[in-house]
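Here is the file target.csv (CSV, C-alpha atoms).
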chain,number,residue,atom,x,y,z
D,1,MET,CA,-115.9,-4.1,-175.2
D,2,ALA,CA,-114.9,-7.3,-176.9
D,3,THR,CA,-118.1,-9.0,-176.0
D,4,GLY,CA,-120.3,-6.9,-178.3
D,5,TYR,CA,-118.0,-7.4,-181.3
D,6,LEU,CA,-117.6,-11.1,-180.7
D,7,GLU,CA,-121.3,-11.4,-180.6
D,8,ILE,CA,-121.5,-9.8,-184.0
D,9,LEU,CA,-118.7,-11.9,-185.5
D,10,ARG,CA,-120.3,-15.1,-184.2
D,11,ALA,CA,-123.4,-14.4,-186.1
D,12,ARG,CA,-123.8,-16.7,-189.1
D,13,HIS,CA,-122.0,-15.2,-192.2
D,14,ALA,CA,-120.9,-12.0,-190.5
D,15,LEU,CA,-117.2,-12.7,-190.4
D,16,ARG,CA,-117.2,-14.0,-194.0
D,17,LEU,CA,-119.0,-10.9,-195.2
D,18,LEU,CA,-116.8,-8.5,-193.3
D,19,THR,CA,-113.6,-10.2,-194.4
D,20,GLY,CA,-114.7,-10.6,-198.0
D,21,THR,CA,-115.6,-7.0,-198.2
D,22,LEU,CA,-112.3,-5.8,-196.8
D,23,VAL,CA,-110.3,-8.0,-199.1
D,24,GLY,CA,-112.5,-7.1,-202.0
D,25,ARG,CA,-111.8,-3.4,-201.4
D,26,LEU,CA,-108.0,-3.7,-201.2
D,27,PRO,CA,-107.5,-2.7,-204.9
D,28,ASN,CA,-109.6,0.5,-204.3
D,29,ALA,CA,-108.1,1.3,-200.9
D,30,THR,CA,-104.5,1.0,-202.1
D,31,ALA,CA,-104.8,2.2,-205.7
D,32,ALA,CA,-103.1,5.6,-205.1
D,33,ILE,CA,-99.9,4.1,-203.6
D,34,ALA,CA,-99.8,1.1,-206.0
D,35,LEU,CA,-100.0,3.4,-209.0
D,36,VAL,CA,-97.3,5.7,-207.7
D,37,LEU,CA,-95.0,2.8,-207.0
D,38,PHE,CA,-95.6,1.3,-210.4
D,39,VAL,CA,-95.2,4.5,-212.4
D,40,ARG,CA,-92.0,5.4,-210.6
D,41,ALA,CA,-90.6,1.9,-211.1
D,42,ALA,CA,-91.3,2.3,-214.8
D,43,GLY,CA,-89.4,5.5,-214.9
D,44,GLY,CA,-92.4,7.9,-214.9
D,45,THR,CA,-92.6,11.1,-213.0
D,46,TYR,CA,-94.5,11.9,-209.9
D,47,SER,CA,-96.7,14.2,-211.9
D,48,LEU,CA,-97.8,11.3,-214.1
D,49,ALA,CA,-98.3,9.1,-211.1
D,50,GLY,CA,-100.4,11.8,-209.4
D,51,ALA,CA,-102.5,12.3,-212.6
D,52,LEU,CA,-103.2,8.6,-213.0
D,53,ALA,CA,-104.2,8.4,-209.3
D,54,ALA,CA,-106.5,11.4,-209.8
D,55,VAL,CA,-108.1,9.8,-212.8
D,56,TYR,CA,-108.7,6.6,-210.8
D,57,GLY,CA,-110.2,8.6,-207.9
D,58,VAL,CA,-112.5,10.7,-210.0
D,59,ALA,CA,-113.7,7.6,-211.9
D,60,ASN,CA,-114.3,5.8,-208.6
D,61,ALA,CA,-116.3,8.7,-207.2
D,62,VAL,CA,-118.5,8.6,-210.2
D,63,GLY,CA,-118.8,4.8,-210.4
D,64,GLN,CA,-119.8,4.1,-206.7
D,65,PRO,CA,-123.3,5.6,-206.7
D,66,VAL,CA,-124.0,4.4,-210.2
D,67,LEU,CA,-123.1,0.8,-209.4
D,68,GLY,CA,-124.9,1.2,-206.1
D,69,ARG,CA,-128.1,2.0,-207.9
D,70,LEU,CA,-127.6,-1.0,-210.2
D,71,VAL,CA,-127.2,-3.2,-207.1
D,72,ASP,CA,-130.5,-1.9,-205.7
D,73,LEU,CA,-132.1,-2.6,-209.0
D,74,TYR,CA,-130.6,-6.0,-209.9
D,75,GLY,CA,-129.1,-7.5,-206.8
D,76,GLN,CA,-125.6,-7.9,-205.5
D,77,PRO,CA,-124.2,-10.9,-207.5
D,78,ARG,CA,-125.3,-9.6,-210.9
D,79,VAL,CA,-123.4,-6.3,-210.3
D,80,GLN,CA,-120.6,-6.7,-207.8
D,81,LEU,CA,-118.8,-9.7,-209.3
D,82,PRO,CA,-118.8,-8.5,-212.9
D,83,ALA,CA,-117.7,-5.1,-211.8
D,84,ALA,CA,-114.8,-6.6,-209.8
D,85,VAL,CA,-113.7,-8.6,-212.7
D,86,LEU,CA,-113.9,-5.7,-215.1
D,87,ALA,CA,-111.9,-3.5,-212.7
D,88,ALA,CA,-109.2,-6.2,-212.3
D,89,VAL,CA,-109.0,-6.8,-216.1
D,90,ALA,CA,-108.6,-3.1,-216.7
D,91,MET,CA,-105.8,-2.8,-214.1
D,92,THR,CA,-104.1,-5.9,-215.5
D,93,VAL,CA,-104.1,-4.2,-218.9
D,94,PHE,CA,-102.4,-1.2,-217.4
D,95,ALA,CA,-99.9,-3.4,-215.5
D,96,PHE,CA,-98.7,-5.1,-218.7
D,97,ALA,CA,-99.0,-2.1,-221.1
D,98,GLY,CA,-97.4,0.4,-218.7
D,99,THR,CA,-97.6,4.1,-219.4
D,100,ASP,CA,-96.8,3.8,-223.1
D,101,PRO,CA,-99.1,4.5,-224.9
D,102,LEU,CA,-100.3,7.1,-222.4
D,103,PRO,CA,-103.9,7.3,-223.6
D,104,LEU,CA,-104.3,3.5,-223.0
D,105,ALA,CA,-102.9,4.0,-219.5
D,106,TYR,CA,-105.4,6.7,-218.6
D,107,VAL,CA,-108.3,4.7,-220.1
D,108,ALA,CA,-107.4,1.5,-218.3
D,109,VAL,CA,-106.9,3.2,-214.9
D,110,GLY,CA,-110.2,5.1,-215.4
D,111,VAL,CA,-112.2,2.0,-216.2
D,112,SER,CA,-110.7,0.2,-213.2
D,113,GLY,CA,-111.8,3.0,-210.9
D,114,LEU,CA,-115.2,3.3,-212.5
D,115,CYS,CA,-115.9,-0.4,-212.1
D,116,ALA,CA,-114.6,-0.8,-208.6
D,117,PRO,CA,-117.6,-2.7,-207.0
D,118,PRO,CA,-119.6,-0.9,-204.2
D,119,LEU,CA,-118.8,-3.5,-201.6
D,120,GLU,CA,-118.7,-1.0,-198.8
D,121,GLY,CA,-122.4,0.1,-199.4
D,122,GLY,CA,-123.4,-3.5,-200.1
D,123,LEU,CA,-122.1,-4.7,-196.7
D,124,ARG,CA,-124.0,-2.1,-194.8
D,125,ALA,CA,-127.2,-3.1,-196.7
D,126,LEU,CA,-126.6,-6.7,-195.6
D,127,TRP,CA,-126.0,-6.2,-191.9
D,128,PRO,CA,-129.7,-6.1,-190.9
D,129,SER,CA,-130.3,-9.4,-192.7
D,130,VAL,CA,-127.5,-11.1,-190.9
D,131,LEU,CA,-128.0,-9.6,-187.4
D,132,ARG,CA,-131.0,-10.1,-185.2
D,133,ARG,CA,-131.4,-6.8,-183.4
D,134,GLU,CA,-131.2,-3.1,-184.4
D,135,GLU,CA,-128.5,-2.4,-181.7
D,136,GLN,CA,-126.4,-5.1,-183.2
D,137,VAL,CA,-126.6,-3.4,-186.5
D,138,HIS,CA,-125.4,-0.2,-185.0
D,139,THR,CA,-122.5,-2.0,-183.4
D,140,ALA,CA,-121.7,-3.6,-186.7
D,141,TYR,CA,-121.6,-0.1,-188.3
D,142,ALA,CA,-119.0,0.9,-185.7
D,143,MET,CA,-117.0,-2.3,-186.3
D,144,ASP,CA,-117.2,-1.6,-190.0
D,145,ALA,CA,-115.7,1.9,-189.5
D,146,VAL,CA,-112.9,0.4,-187.3
D,147,ALA,CA,-112.1,-2.3,-189.8
D,148,GLN,CA,-111.7,0.4,-192.5
D,149,GLU,CA,-109.0,2.0,-190.4
D,150,VAL,CA,-107.2,-1.3,-190.1
D,151,MET,CA,-107.5,-1.9,-193.9
D,152,PHE,CA,-106.1,1.6,-194.7
D,153,THR,CA,-103.2,0.9,-192.4
D,154,LEU,CA,-102.3,-2.6,-193.5
D,155,GLY,CA,-103.2,-2.2,-197.2
D,156,PRO,CA,-100.3,0.2,-198.0
D,157,LEU,CA,-98.0,-2.1,-196.1
D,158,LEU,CA,-99.1,-5.1,-198.2
D,159,VAL,CA,-98.4,-3.1,-201.4
D,160,THR,CA,-94.9,-2.1,-200.3
D,161,VAL,CA,-94.1,-5.7,-199.2
D,162,CYS,CA,-95.3,-7.1,-202.6
D,163,ALA,CA,-93.3,-4.5,-204.4
D,164,ALA,CA,-90.2,-5.2,-202.4
D,165,VAL,CA,-90.5,-9.0,-202.6
D,166,TRP,CA,-91.4,-9.1,-206.3
D,167,ASP,CA,-92.0,-5.8,-208.1
D,168,ALA,CA,-94.6,-3.1,-208.5
D,169,ARG,CA,-96.4,-4.9,-211.3
D,170,ALA,CA,-96.8,-8.0,-209.2
D,171,ALA,CA,-98.2,-5.8,-206.4
D,172,LEU,CA,-100.9,-4.5,-208.8
D,173,LEU,CA,-101.8,-8.0,-210.0
D,174,VAL,CA,-101.8,-9.6,-206.6
D,175,LEU,CA,-104.1,-6.8,-205.2
D,176,ASN,CA,-106.6,-7.1,-208.0
D,177,VAL,CA,-106.7,-10.9,-207.8
D,178,LEU,CA,-107.4,-10.6,-204.1
D,179,GLY,CA,-110.1,-8.0,-204.9
D,180,VAL,CA,-111.9,-10.4,-207.2
D,181,LEU,CA,-111.7,-13.3,-204.7
D,182,GLY,CA,-113.0,-11.0,-201.9
D,183,ALA,CA,-116.0,-9.9,-204.1
D,184,LEU,CA,-116.6,-13.6,-205.0
D,185,SER,CA,-116.7,-14.6,-201.4
D,186,VAL,CA,-119.3,-12.0,-200.7
D,187,VAL,CA,-121.6,-12.5,-203.6
D,188,VAL,CA,-121.8,-16.3,-203.3
D,189,SER,CA,-122.8,-16.1,-199.7
D,190,PRO,CA,-126.5,-16.8,-198.9
D,191,PRO,CA,-127.2,-13.3,-197.5
D,192,SER,CA,-125.9,-11.6,-200.6
D,193,ARG,CA,-127.8,-14.0,-203.0
D,194,ALA,CA,-131.0,-13.6,-201.0
D,195,TRP,CA,-130.9,-9.8,-200.6
D,196,ARG,CA,-133.3,-7.8,-202.6
D,197,SER,CA,-134.0,-4.1,-202.4
D,198,ALA,CA,-137.5,-2.9,-201.5
D,199,PRO,CA,-139.7,-1.7,-204.4
D,200,ARG,CA,-138.5,1.8,-205.3
D,201,GLU,CA,-140.3,4.8,-206.8
D,202,ALA,CA,-138.9,5.5,-210.2
D,203,HIS,CA,-137.0,8.8,-210.0
D,204,TRP,CA,-133.9,10.0,-211.8
D,205,LEU,CA,-132.4,11.4,-208.6
D,206,GLY,CA,-132.6,8.1,-206.8
D,207,ALA,CA,-131.3,8.4,-203.3
D,208,LEU,CA,-130.6,12.1,-203.7
D,209,ARG,CA,-134.2,13.0,-203.6
D,210,SER,CA,-134.1,12.6,-199.8
D,211,PRO,CA,-133.5,16.1,-198.2
D,212,GLY,CA,-132.1,14.4,-195.0
D,213,LEU,CA,-129.5,12.5,-197.0
D,214,LEU,CA,-128.5,15.6,-198.9
D,215,ALA,CA,-128.0,17.4,-195.6
D,216,LEU,CA,-125.9,14.6,-194.3
D,217,LEU,CA,-123.8,14.5,-197.5
D,218,GLY,CA,-123.2,18.2,-197.3
D,219,ALA,CA,-121.9,17.9,-193.7
D,220,PHE,CA,-119.6,14.9,-194.6
D,221,LEU,CA,-118.2,16.7,-197.6
D,222,PHE,CA,-116.5,19.0,-195.0
D,223,VAL,CA,-115.4,16.1,-192.8
D,224,GLY,CA,-113.7,14.7,-195.9
D,225,ILE,CA,-112.1,18.1,-196.5
D,226,ALA,CA,-110.7,18.0,-192.9
D,227,LEU,CA,-109.2,14.6,-193.3
D,228,GLY,CA,-107.7,15.4,-196.7
D,229,SER,CA,-106.2,18.6,-195.5
D,230,ILE,CA,-104.4,16.9,-192.6
D,231,THR,CA,-102.4,14.7,-195.1
D,232,VAL,CA,-101.0,17.7,-196.8
D,233,ALA,CA,-100.3,19.7,-193.6
D,234,ALA,CA,-98.6,16.7,-192.1
D,235,VAL,CA,-96.2,16.5,-195.1
D,236,SER,CA,-95.3,20.1,-194.5
D,237,TYR,CA,-94.7,19.5,-190.8
D,238,ALA,CA,-92.6,16.4,-191.5
D,239,ASP,CA,-90.4,18.2,-193.9
D,240,GLY,CA,-89.1,20.3,-190.9
D,241,HIS,CA,-89.3,17.6,-188.2
D,242,GLY,CA,-87.6,14.4,-189.5
D,243,GLY,CA,-89.0,13.7,-192.9
D,244,ASP,CA,-90.9,10.7,-194.2
D,245,ALA,CA,-90.6,8.7,-191.0
D,246,VAL,CA,-92.4,11.4,-189.0
D,247,TYR,CA,-95.1,11.7,-191.6
D,248,GLY,CA,-95.7,7.9,-191.4
D,249,TRP,CA,-96.0,8.2,-187.6
D,250,LEU,CA,-98.5,11.1,-187.9
D,251,MET,CA,-100.7,9.1,-190.3
D,252,ALA,CA,-100.4,6.0,-188.1
D,253,GLY,CA,-101.4,8.1,-185.1
D,254,LEU,CA,-104.5,9.4,-186.9
D,255,GLY,CA,-105.5,5.9,-187.8
D,256,LEU,CA,-104.8,4.6,-184.2
D,257,GLY,CA,-107.0,7.3,-182.8
D,258,ALA,CA,-109.8,6.5,-185.1
D,259,LEU,CA,-109.5,2.8,-184.3
D,260,VAL,CA,-109.6,3.3,-180.6
D,261,GLY,CA,-112.5,5.8,-180.8
D,262,GLY,CA,-114.5,3.6,-183.1
D,263,SER,CA,-113.9,0.5,-180.9
D,264,VAL,CA,-115.1,2.3,-177.7
D,265,TYR,CA,-118.0,3.9,-179.5
D,266,GLY,CA,-119.3,0.6,-180.9
D,267,ALA,CA,-119.0,-1.2,-177.6
D,268,ARG,CA,-121.7,0.9,-176.0
D,269,GLN,CA,-125.4,1.2,-176.7
D,270,TRP,CA,-126.3,4.8,-177.1
D,271,SER,CA,-129.5,6.4,-176.0
D,272,GLY,CA,-131.1,9.4,-177.7
D,273,VAL,CA,-131.6,10.2,-181.4
D,274,PRO,CA,-128.6,9.7,-183.7
D,275,GLU,CA,-129.1,13.2,-185.3
D,276,ARG,CA,-128.2,14.9,-182.0
D,277,ARG,CA,-125.4,12.5,-181.3
D,278,LEU,CA,-123.8,13.1,-184.6
D,279,ARG,CA,-123.8,16.9,-184.0
D,280,VAL,CA,-122.0,16.3,-180.7
D,281,LEU,CA,-119.5,13.9,-182.3
D,282,VAL,CA,-118.7,16.3,-185.2
D,283,ALA,CA,-118.2,19.2,-182.7
D,284,LEU,CA,-115.8,17.1,-180.7
D,285,LEU,CA,-114.0,16.1,-184.0
D,286,ALA,CA,-113.6,19.8,-184.9
D,287,VAL,CA,-112.3,20.7,-181.4
D,288,CYS,CA,-109.7,17.9,-181.5
D,289,TYR,CA,-108.3,19.2,-184.7
D,290,VAL,CA,-107.5,22.6,-183.2
D,291,PRO,CA,-104.5,21.6,-181.0
D,292,LEU,CA,-102.7,20.5,-184.2
D,293,MET,CA,-102.0,24.2,-184.8
D,294,LEU,CA,-99.6,24.1,-181.9
D,295,VAL,CA,-97.1,22.2,-184.1
D,296,PRO,CA,-95.0,21.0,-181.1
D,297,GLY,CA,-92.1,18.5,-181.4
D,298,ALA,CA,-92.5,15.2,-183.2
D,299,VAL,CA,-93.4,13.1,-180.2
D,300,ALA,CA,-96.1,15.5,-179.0
D,301,MET,CA,-97.4,16.0,-182.5
D,302,VAL,CA,-97.9,12.3,-183.0
D,303,LEU,CA,-99.9,12.2,-179.7
D,304,LEU,CA,-102.0,15.1,-180.9
D,305,SER,CA,-102.6,13.2,-184.2
D,306,VAL,CA,-103.9,10.3,-182.1
D,307,VAL,CA,-106.3,12.6,-180.3
D,308,SER,CA,-107.4,14.3,-183.6
D,309,GLY,CA,-108.5,10.9,-185.0
D,310,VAL,CA,-110.5,9.7,-181.9
D,311,PHE,CA,-113.9,10.9,-183.1
D,312,LEU,CA,-113.5,10.2,-186.8
D,313,ALA,CA,-114.7,6.6,-186.8
D,314,PRO,CA,-117.6,7.3,-184.4
D,315,CYS,CA,-118.8,10.1,-186.7
D,316,ILE,CA,-118.7,7.7,-189.6
D,317,ALA,CA,-120.5,5.0,-187.7
D,318,CYS,CA,-123.2,7.4,-186.6
D,319,ALA,CA,-123.6,8.7,-190.2
D,320,PHE,CA,-124.2,5.1,-191.4
D,321,ILE,CA,-127.3,5.0,-189.1
D,322,LEU,CA,-128.6,8.2,-190.6
D,323,VAL,CA,-128.0,7.1,-194.1
D,324,ASP,CA,-130.1,4.1,-193.4
D,325,ARG,CA,-132.9,6.2,-191.8
D,326,HIS,CA,-133.0,8.7,-194.7
D,327,ALA,CA,-132.4,6.6,-197.8
D,328,PRO,CA,-135.7,6.4,-199.8
D,329,ARG,CA,-137.2,3.0,-200.2
D,330,GLY,CA,-135.2,0.8,-202.5
D,331,THR,CA,-132.0,3.0,-202.6
D,332,VAL,CA,-130.1,1.8,-199.6
D,333,THR,CA,-126.9,0.7,-201.4
D,334,GLU,CA,-126.9,3.8,-203.6
D,335,ALA,CA,-127.3,6.0,-200.5
D,336,PHE,CA,-124.3,4.4,-198.8
D,337,SER,CA,-122.3,4.7,-202.0
D,338,TRP,CA,-123.1,8.4,-202.2
D,339,LEU,CA,-121.6,8.8,-198.7
D,340,VAL,CA,-118.4,7.1,-199.9
D,341,THR,CA,-118.3,9.3,-203.0
D,342,THR,CA,-118.9,12.5,-201.0
D,343,PHE,CA,-116.2,11.7,-198.5
D,344,THR,CA,-113.7,10.9,-201.3
D,345,VAL,CA,-114.5,14.1,-203.1
D,346,GLY,CA,-114.1,16.1,-199.9
D,347,ALA,CA,-110.7,14.5,-199.1
D,348,SER,CA,-109.6,15.4,-202.7
D,349,VAL,CA,-110.8,19.0,-202.2
D,350,GLY,CA,-109.0,19.2,-198.9
D,351,THR,CA,-105.7,18.1,-200.3
D,352,GLY,CA,-106.0,20.6,-203.2
D,353,LEU,CA,-107.0,23.4,-200.9
D,354,THR,CA,-104.4,22.9,-198.2
D,355,GLY,CA,-101.4,23.0,-200.6
D,356,PRO,CA,-101.8,26.7,-201.4
D,357,VAL,CA,-102.7,27.5,-197.8
D,358,VAL,CA,-99.4,25.9,-196.6
D,359,GLN,CA,-97.5,27.7,-199.4
D,360,ALA,CA,-98.9,31.1,-198.4
D,361,GLY,CA,-99.1,30.8,-194.6
D,362,GLY,CA,-97.0,27.9,-193.5
D,363,THR,CA,-97.7,24.6,-191.6
D,364,VAL,CA,-99.7,26.3,-188.8
D,365,TRP,CA,-102.3,27.6,-191.2
D,366,GLY,CA,-102.4,24.2,-193.0
D,367,PHE,CA,-103.5,22.6,-189.7
D,368,ALA,CA,-106.1,25.3,-189.3
D,369,VAL,CA,-108.0,24.0,-192.3
D,370,PRO,CA,-109.3,20.7,-190.7
D,371,GLY,CA,-110.6,22.7,-187.7
D,372,VAL,CA,-112.4,25.2,-189.9
D,373,ALA,CA,-113.8,22.4,-192.1
D,374,GLY,CA,-115.0,20.5,-189.0
D,375,ALA,CA,-116.7,23.7,-187.7
D,376,VAL,CA,-118.4,24.2,-191.1
D,377,SER,CA,-119.6,20.6,-191.0
D,378,LEU,CA,-121.2,21.2,-187.6
D,379,LEU,CA,-122.9,24.4,-188.9
D,380,VAL,CA,-124.4,22.3,-191.8
D,381,LEU,CA,-125.8,19.8,-189.3
D,382,LEU,CA,-127.2,22.6,-187.1
D,383,GLY,CA,-128.7,24.4,-190.0
D,384,THR,CA,-130.4,21.3,-191.4
D,385,GLY,CA,-131.5,19.9,-188.0
D,386,ARG,CA,-135.2,20.0,-188.9
D,387,VAL,CA,-134.5,18.2,-192.2
D,388,LEU,CA,-132.5,15.5,-190.5
D,389,ALA,CA,-135.0,15.0,-187.8
D,390,ALA,CA,-138.0,14.7,-190.2
D,391,PRO,CA,-139.1,11.1,-190.9
D,392,VAL,CA,-138.6,9.9,-194.5
D,393,ARG,CA,-141.7,10.4,-196.5
D,394,GLY,CA,-143.4,7.2,-197.3
D,395,ALA,CA,-141.3,5.1,-195.0
D,396,VAL,CA,-143.4,2.1,-194.2
D,397,VAL,CA,-142.3,-0.9,-192.1
D,398,ALA,CA,-142.7,-4.0,-194.1
D,399,ALA,CA,-145.2,-6.4,-192.7
D,400,SER,CA,-142.9,-9.3,-193.5
D,401,SER,CA,-139.5,-9.7,-195.0
D,402,GLU,CA,-137.4,-12.8,-195.4
D,403,ASN,CA,-134.3,-10.6,-194.9
D,404,ASP,CA,-135.4,-8.9,-191.7
D,405,PRO,CA,-136.2,-11.6,-189.1
D,406,ASN,CA,-136.4,-9.0,-186.4
D,407,ARG,CA,-139.2,-7.1,-188.2
D,408,ALA,CA,-138.0,-3.9,-186.7
D,409,VAL,CA,-140.6,-1.3,-186.0
D,410,GLU,CA,-138.5,1.8,-185.8
D,411,PRO,CA,-139.2,4.0,-188.8
D,412,ARG,CA,-136.5,3.8,-191.5
D,413,PHE,CA,-134.8,0.8,-189.9
D,414,SER,CA,-133.8,-1.4,-192.8
D,415,SER,CA,-136.9,-3.6,-192.9
D,416,THR,CA,-138.1,-1.0,-195.3
D,417,ASP,CA,-135.3,-2.0,-197.6
D,418,ARG,CA,-135.5,-5.7,-196.9
D,419,ALA,CA,-131.9,-5.4,-195.8

Now, as a test, write the supplied structure out as structure tokens.
Amino acid sequence: MATGYLEILRARHALRLLTGTLVGRLPNATAAIALVLFVRAAGGTYSLAGALAAVYGVANAVGQPVLGRLVDLYGQPRVQLPAAVLAAVAMTVFAFAGTDPLPLAYVAVGVSGLCAPPLEGGLRALWPSVLRREEQVHTAYAMDAVAQEVMFTLGPLLVTVCAAVWDARAALLVLNVLGVLGALSVVVSPPSRAWRSAPREAHWLGALRSPGLLALLGAFLFVGIALGSITVAAVSYADGHGGDAVYGWLMAGLGLGALVGGSVYGARQWSGVPERRLRVLVALLAVCYVPLMLVPGAVAMVLLSVVSGVFLAPCIACAFILVDRHAPRGTVTEAFSWLVTTFTVGASVGTGLTGPVVQAGGTVWGFAVPGVAGAVSLLVLLGTGRVLAAPVRGAVVAASSENDPNRAVEPRFSSTDRA
């Protein structure tokens, strides 16, 4: 298993790009917990902390595809680094001004979320220019999904350590300095400076004019709902089975399952079309959510949470392949950013929906939501099978590209996007 990943990491610039992207995304990945810790340390309420975190999340969901489109138009360095600096400056203003005056706090947090650079989509656009073979790119997508789980596990730990050693303000400042340094490391690298999107057709819908991409986004909206619903249902479960410590173990188990599943998935070369494989993976994801409704004791529940996360990272990695195949020419970064936004919105809907469900029917029905959402995601994929299987209109393999040394011949591999 390790051989395939080591082969990726030994490729020139690969480790730097992966590390820089993960570090650059730390402010975004940890924004919610960092804002809660800061507001509570300043004497604010949980309601205010939640409202500020929601403003950041909404602004980020809006900003990712917008900035992704700008990256496709003007290149990565011209967009990613200025965006990272603006996001850090806005959060620094909030860190020193605090929650008084409140309008300034909302504006600063909103600007920070809006300007968070689309490093995630940018990295996926760069993989084909760094790696030599298509199967290596698919492995890199899986490694990318696994690395996200590591970041979302270690990021909150970094925030709490900074807050404990110094204070919550220092945690905000340190995270945003790291974010700028991570973005800087990426954009000054040769692959980022050399990357250019393919010529694109002028269209106000951009990447969203692809029916296949729309179908994929519709399916992953419900995957996001499933993931968001688990976080709320797990809180309800933990309240009756040991409190915060049990909740932490449940979330760690979910992340561990995704890490293991993604690692195994990426270590193998898969035959067959990715559209069919994604349907199988989403079906398995939905099935693995169902046992959570048993709500057994804490130890067994943690084990079930591990199982429920096993197919999450493989689903995401497979979705990356389909995004690349269905993104219209010249919109690859924007298309990946739309997937991020859709997943984020879905998670927010899941948390909002599951609260009333738990209130009305209890924890068992709260854990029914992810299974139902996973089933609906599968139905979307089944209902749009022809759309997803159809080749992208106008997809033409470039005859030559400085960013695609492999000159891949499979339709919609990234040579059409020079990335």

message: Please list as number ranges by chain every residue within 7 Å of stretch 281-295 of chain D, counting all atoms listed in the file and excluding residues in the same chain fewer than 3 positions away.
response: D: 277-278, 301, 304, 307-308, 311-312, 315, 364, 367-368, 370-371, 374-375, 378

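A straight line drawn from atom CA of D:Leu214 to atom CA of D:Arg276 is 16.9 Å long.
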
Could you name the residues that touch stretch 41-46 of chain D at 9 Å or less, counting all atoms listed in the file, but leaving out those on the same chain fewer than 4 positions away, as a PDB file with C-alpha atoms, keeping the file's coordinate frame?
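The resulting file, part-v2.pdb, is reproduced below:
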ATOM      1  CA  VAL D  36     -97.300   5.700-207.700  1.00  0.00           C
ATOM      2  CA  LEU D  37     -95.000   2.800-207.000  1.00  0.00           C
ATOM      3  CA  GLY D  50    -100.400  11.800-209.400  1.00  0.00           C
ATOM      4  CA  ALA D  51    -102.500  12.300-212.600  1.00  0.00           C
ATOM      5  CA  GLY D  98     -97.400   0.400-218.700  1.00  0.00           C
ATOM      6  CA  THR D  99     -97.600   4.100-219.400  1.00  0.00           C
ATOM      7  CA  ASP D 167     -92.000  -5.800-208.100  1.00  0.00           C
ATOM      8  CA  ALA D 168     -94.600  -3.100-208.500  1.00  0.00           C
ATOM      9  CA  ARG D 169     -96.400  -4.900-211.300  1.00  0.00           C
TER      10      ARG D 169
END

message: Please return as a ChimeraX atom specification every residue within 10 Å of (-106.7, 1.7, -200.7), taking into account all atoms listed in the file and the file's own coordinates.
response: /D:25-34,148,151-156,159,175

task: Would you work out the distance separating atom CA of D:Ala233 from atom CA of D:Val58, expressed in Å to one decimal?
output: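 Here the two named atoms are 22.3 Å from each other.
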
How would stretch 120-128 of chain D look with N, CA, C and O atoms restored, written as an mmCIF file, keeping the file's coordinate frame?
data_model
loop_
_atom_site.group_PDB
_atom_site.id
_atom_site.type_symbol
_atom_site.label_atom_id
_atom_site.label_comp_id
_atom_site.auth_asym_id
_atom_site.auth_seq_id
_atom_site.Cartn_x
_atom_site.Cartn_y
_atom_site.Cartn_z
ATOM 1 N N GLU D 120 -118.569 -1.692 -200.111
ATOM 2 C CA GLU D 120 -118.700 -1.000 -198.800
ATOM 3 C C GLU D 120 -120.225 -0.733 -198.561
ATOM 4 O O GLU D 120 -120.750 -1.062 -197.493
ATOM 5 N N GLY D 121 -120.917 -0.143 -199.544
ATOM 6 C CA GLY D 121 -122.400 0.100 -199.400
ATOM 7 C C GLY D 121 -123.130 -1.201 -199.328
ATOM 8 O O GLY D 121 -124.121 -1.318 -198.601
ATOM 9 N N GLY D 122 -122.683 -2.198 -200.084
ATOM 10 C CA GLY D 122 -123.400 -3.500 -200.100
ATOM 11 C C GLY D 122 -123.322 -4.172 -198.738
ATOM 12 O O GLY D 122 -124.315 -4.766 -198.299
ATOM 13 N N LEU D 123 -122.179 -4.080 -198.047
ATOM 14 C CA LEU D 123 -122.100 -4.700 -196.700
ATOM 15 C C LEU D 123 -123.045 -4.066 -195.751
ATOM 16 O O LEU D 123 -123.714 -4.764 -194.975
ATOM 17 N N ARG D 124 -123.137 -2.747 -195.786
ATOM 18 C CA ARG D 124 -124.000 -2.100 -194.800
ATOM 19 C C ARG D 124 -125.489 -2.359 -195.134
ATOM 20 O O ARG D 124 -126.327 -2.333 -194.240
ATOM 21 N N ALA D 125 -125.793 -2.647 -196.381
ATOM 22 C CA ALA D 125 -127.200 -3.100 -196.700
ATOM 23 C C ALA D 125 -127.439 -4.476 -196.198
ATOM 24 O O ALA D 125 -128.590 -4.823 -195.928
ATOM 25 N N LEU D 126 -126.398 -5.291 -196.055
ATOM 26 C CA LEU D 126 -126.600 -6.700 -195.600
ATOM 27 C C LEU D 126 -126.653 -6.868 -194.123
ATOM 28 O O LEU D 126 -127.232 -7.855 -193.649
ATOM 29 N N TRP D 127 -126.066 -5.947 -193.363
ATOM 30 C CA TRP D 127 -126.000 -6.200 -191.900
ATOM 31 C C TRP D 127 -127.348 -6.501 -191.279
ATOM 32 O O TRP D 127 -127.441 -7.443 -190.484
ATOM 33 N N PRO D 128 -128.429 -5.762 -191.581
ATOM 34 C CA PRO D 128 -129.700 -6.100 -190.900
ATOM 35 C C PRO D 128 -130.252 -7.451 -191.259
ATOM 36 O O PRO D 128 -131.080 -7.981 -190.514
#
